[in-house]
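Participant: Got a structure for you, questions after.
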Amino acid sequence: MKNKTPLFVAVLSIWVVALVAQSRNIGNEWPTAQGDAQRTNWLRSDPNISVDTLSKPGFELQWKAELEGQRGMKPAVQGVSVNGVTLFTPLSIVTGDNDVVAIDNDTGATFWYRSFGAAPSTSACAAPVAATRVALLESPAPTAARGGGAGGGRGGYSSSVGSPGEGAPVPARGGGAGRGVVAPGPPAPAGAPGAAPAPPPAGAPATAPAGQAGRAGAAPGAPPGAPGAAPGRGGGGGFGRPSGVVYVIARDGMLHVVGLPSSKDIQKPAQLVPAGARVTDPIAVNDILYTSTTGKCGGTVDAVYAMDLAGDAKTVVSYKTTGSPVGTLALATDGTVVVAVTNGVVTLDPKTLAVRHSYSDPAKTMVTGPLVFRQNDKDMVAVGTKDGQILLLDANTMAVSSATPAFTTAGATFAGEALSFWQEYSPGPVDPAAAAAPPAPAFGRGGGGAPAVPMIPGRAWLLAATNNSVVAWKIADDGGKLTLQPGWTSPTLSSPVPPVIVNNVVFAVSSGKPAAAAGSGTPAVLYALDGMTGKALWNSGTAIKSYMPGRALWTANSQVYVGGNDGAVYAFGFPLDRR
């Protein structure tokens with residue numbers, strides 16, 4: 001019995017941490033890489049972060065998590081593409097070369113660490129481990145929280161206990177008549193991936209190859225899943241999958257369904273992409289997981305892949321692109337898959353990956369992934385080009401709606417995954433009953449408080465990270481035709497990544513640079529800017545001790561996180577009652 005006691009105490013401690021952390025839910029989360037299925041980089045609601053609060057003292061470094069060296073792991077944020085997938089508010093999932101770490105958002109403590117073995121020999125080409133969770137096709141409208149735990153219009157989490165190995169269960173969200181959620185149909189017939197034809201002229205429908213209408217070839221080598229029922233689909237088109245799992249694509253191309261907080265596989269791993277392929281940030285919507293491969297690593301083809309997560313067979317379909325995919329794919333609010341490739345933009349059926357529409361122009365080369373936003377009840381796609389333009393396309397037809405002028409700043413080019421989107425929101429009319437309620441604790445602490453205030457949408461903005469600044473455009477409606485009007489340009493930044501927007505605050509990182517033979521490197525600096533004017537509100541100064549590799553920037557729990565090449569994660573926020 002004595003030998004078993006330490007293990008029992010350790011397991012009990014994990015459960016206590018999980019349940020206490022759930023009780024501290026501040027009320028916001030970063031659902032997956034780049035924030036949502038539309039890849040906007042926008043967190044629509046937070047009870048503590050605003051232009052007003054960032055204009056005052058108090059936002060500062062809360063903790064630094066030294067991930068390097070723990071259990072002999074490599075720096076978990078070095079070269080990362082998927083950096084901060086927040087599974088539920090207490091935890092962020094940080095990926096490394098072939099590792100995954102779950103860290104406590106409140107303290108930075110390592111919750112668990114998982115290695116998927118030695119990286120394949122093609123490691124110089126392939127990307128690090130990729131991870132995601134289920135995301136909604138369209139985020140709910142924001143509300144201004146007035147009182148702790150009520151931000152973002154979301155409910156709290158349950159402290160119930162689940163089956164062994166599955167972690168703490170989180171109730172299925174939504175249900176009922178959800179909009180735009182796509183449930184997969186019957187598995188597509190197996191077959192080799194079929195090459196798609198060159199994209200037709202702008203706005204013209206694309207035709208699938210003969211014999212391929214309504215389906216796509218299945219990727220080879222997808223083994224059957226483990227016995228037992230997968231998590232169920234939502235009823236009535238709603239969101240029905242529990243969020244207590246993370247989907248991880250290891251370097252061997254296997255998809256792992258990892259339970260929280262156990263870190264164990266709760267289903268048999270299944271082949272999603274060929275081993276050694278370079279995958280982009282995946283996204284899972286309802287029962288389908290999507291990703292793409294680039295760079296022809298290890299002799300693989302460039303393609304888009306979709307896996308049925310609900311069936312035991314874990315059926316995979318694929319679409320072989322005519323040009324290499326650029327950045328990550330995005331989803332429109334009806335589930336349509338949007339992919340930018342070097343020679344155009346393609347929309348695909350969410351179940352079969354059959355081509356729906358496409359855009360191409362021999363004079364244009366795409367250099368950013370697509371970003372989808374909704375304006376005037378219509379989905380629009382934004383994409384950046386090599387000659388410095390941003391194109392706006394109708395997601396239903398792929399017809400060009402408008403384009404910005406090319407950059408005039410000498411040497412300015414788009415950064416990888418350059419685009420972000422956000423929309424101004426302001427509090428609506430004050431409810432007399434809410435106004436009469438007791439005042440909420442400062443910065444949303446504690447429970448109770450007045451009900452949340454609905455937010456009124458205003459002007460929409462599109463942001464782009466170039467190689468030396470962040471540029472903002474206002475999205476204007478000119479008689480039903482959208483145009484991009486110049487807004488503001490940030491001060492000079494070193495290799496910025498696409499900014500993260502929380503409420504009306506734009507968080508941008510000057511990534512810094514590594515040391516070179518010619519001199520020492522420079523560390524990263526996090527900036528907070530007023531999204532409507534570009535005015536600098538705050539910066540992290542010398543708090544970050546290393547340059548930032550990749551796109552190690554995310555937000556959750558009223559904090560903003562930056563990963564450094566020193567193997568550490570830096571968390572900035574207000575000194576809330578987190579512990």
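Each chain of the structure tokens is named A, B, ... in the order shown, its residues numbered from 1; ligands are numbered from 1 in display order.
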Residues of stretch 475-516 of chain A that approach stretch 376-400 of chain A to 9 Å or less, counting only C-alpha atoms: could you list each one with the shortest pair of atoms and its distance in Å to one decimal, rows by chain and increasing residue number, as JSON lines?

Facilitator:
```
{"residue": "A:Asp477", "atom": "CA", "partner": "A:Asn376", "partner_atom": "CA", "distance": 8.8}
{"residue": "A:Gly480", "atom": "CA", "partner": "A:Asn376", "partner_atom": "CA", "distance": 8.2}
{"residue": "A:Leu482", "atom": "CA", "partner": "A:Leu392", "partner_atom": "CA", "distance": 8.1}
{"residue": "A:Thr483", "atom": "CA", "partner": "A:Leu392", "partner_atom": "CA", "distance": 8.4}
{"residue": "A:Leu484", "atom": "CA", "partner": "A:Ile390", "partner_atom": "CA", "distance": 8.8}
```

Participant: Filtering to N, CA and C atoms, could you give me those residues as a short mmCIF file (atom, residue, chain, number, x, y, z; two decimals), in the first residue's frame?

Facilitator:
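Wrote it out as part_38.cif, contents follow:
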```cif
data_model
loop_
_atom_site.label_atom_id
_atom_site.label_comp_id
_atom_site.auth_asym_id
_atom_site.auth_seq_id
_atom_site.Cartn_x
_atom_site.Cartn_y
_atom_site.Cartn_z
N ASP A 477 -18.87 49.72 -47.01
CA ASP A 477 -19.91 49.25 -47.93
C ASP A 477 -20.28 50.40 -48.86
N GLY A 480 -23.42 48.36 -51.58
CA GLY A 480 -23.45 46.91 -51.73
C GLY A 480 -22.13 46.33 -52.17
N LEU A 482 -18.16 46.04 -51.32
CA LEU A 482 -17.22 46.27 -50.24
C LEU A 482 -15.92 46.85 -50.76
N THR A 483 -15.39 47.81 -50.03
CA THR A 483 -14.10 48.40 -50.37
C THR A 483 -13.24 48.44 -49.12
N LEU A 484 -11.93 48.47 -49.31
CA LEU A 484 -10.98 48.56 -48.21
C LEU A 484 -10.36 49.96 -48.22
#
```

Participant: With only C-alpha atoms as the atoms that count, which of A:Val339, A:Leu462, A:Leu353, A:Val257 lies nearest to A:Thr40?

Facilitator: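 Among the listed residues, A:Leu462 lies closest to A:Thr40.
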
Participant: A:Val355, A:Val101, A:Val341, A:Ala516: which is nearest A:Leu260, counting only C-alpha atoms?

Facilitator: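 Of all the options, A:Val101 lies closest to A:Leu260.
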
Participant: Find the distance between atom CA of A:Leu272 and atom CA of A:Met307 and write it in Å to one decimal.

Facilitator: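 These two atoms are separated by 7.0 Å.
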
Participant: Suppose you want the space between atom CA of A:Gln271 and atom CA of A:Gly295; what is it in Å?

Facilitator: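 Distance between the two atoms: 19.2 Å.
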
Participant: Report, in Å to a single decimal, how far apart atom CA of A:Met254 and atom CA of A:Pro269 are.

Facilitator: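 These two atoms are separated by 6.0 Å.
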
Participant: Looking at A:Gly108, A:Gly335, A:Pro325, A:Gly512, which one is nearest to A:Ile283, with distances taken over only C-alpha atoms?

Facilitator: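 Counting only C-alpha atoms, the residue closest to A:Ile283 is A:Gly335.
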
Participant: May I have the residues within 12 Å of A:Ser50 as a ChimeraX atom specification, using only C-alpha atoms and disregarding those fewer than 5 positions away in the same chain?

Facilitator: /A:43-45,55-56,59,144-145,424-426,443,501-507,528-531,537-538,558-559,573-574

Participant: Taking into account only C-alpha atoms, which residue in the set A:Ala65, A:Ala275, A:Val372, A:Leu463 is nearest to A:Val301?

Facilitator: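 Closest candidate: A:Ala275.
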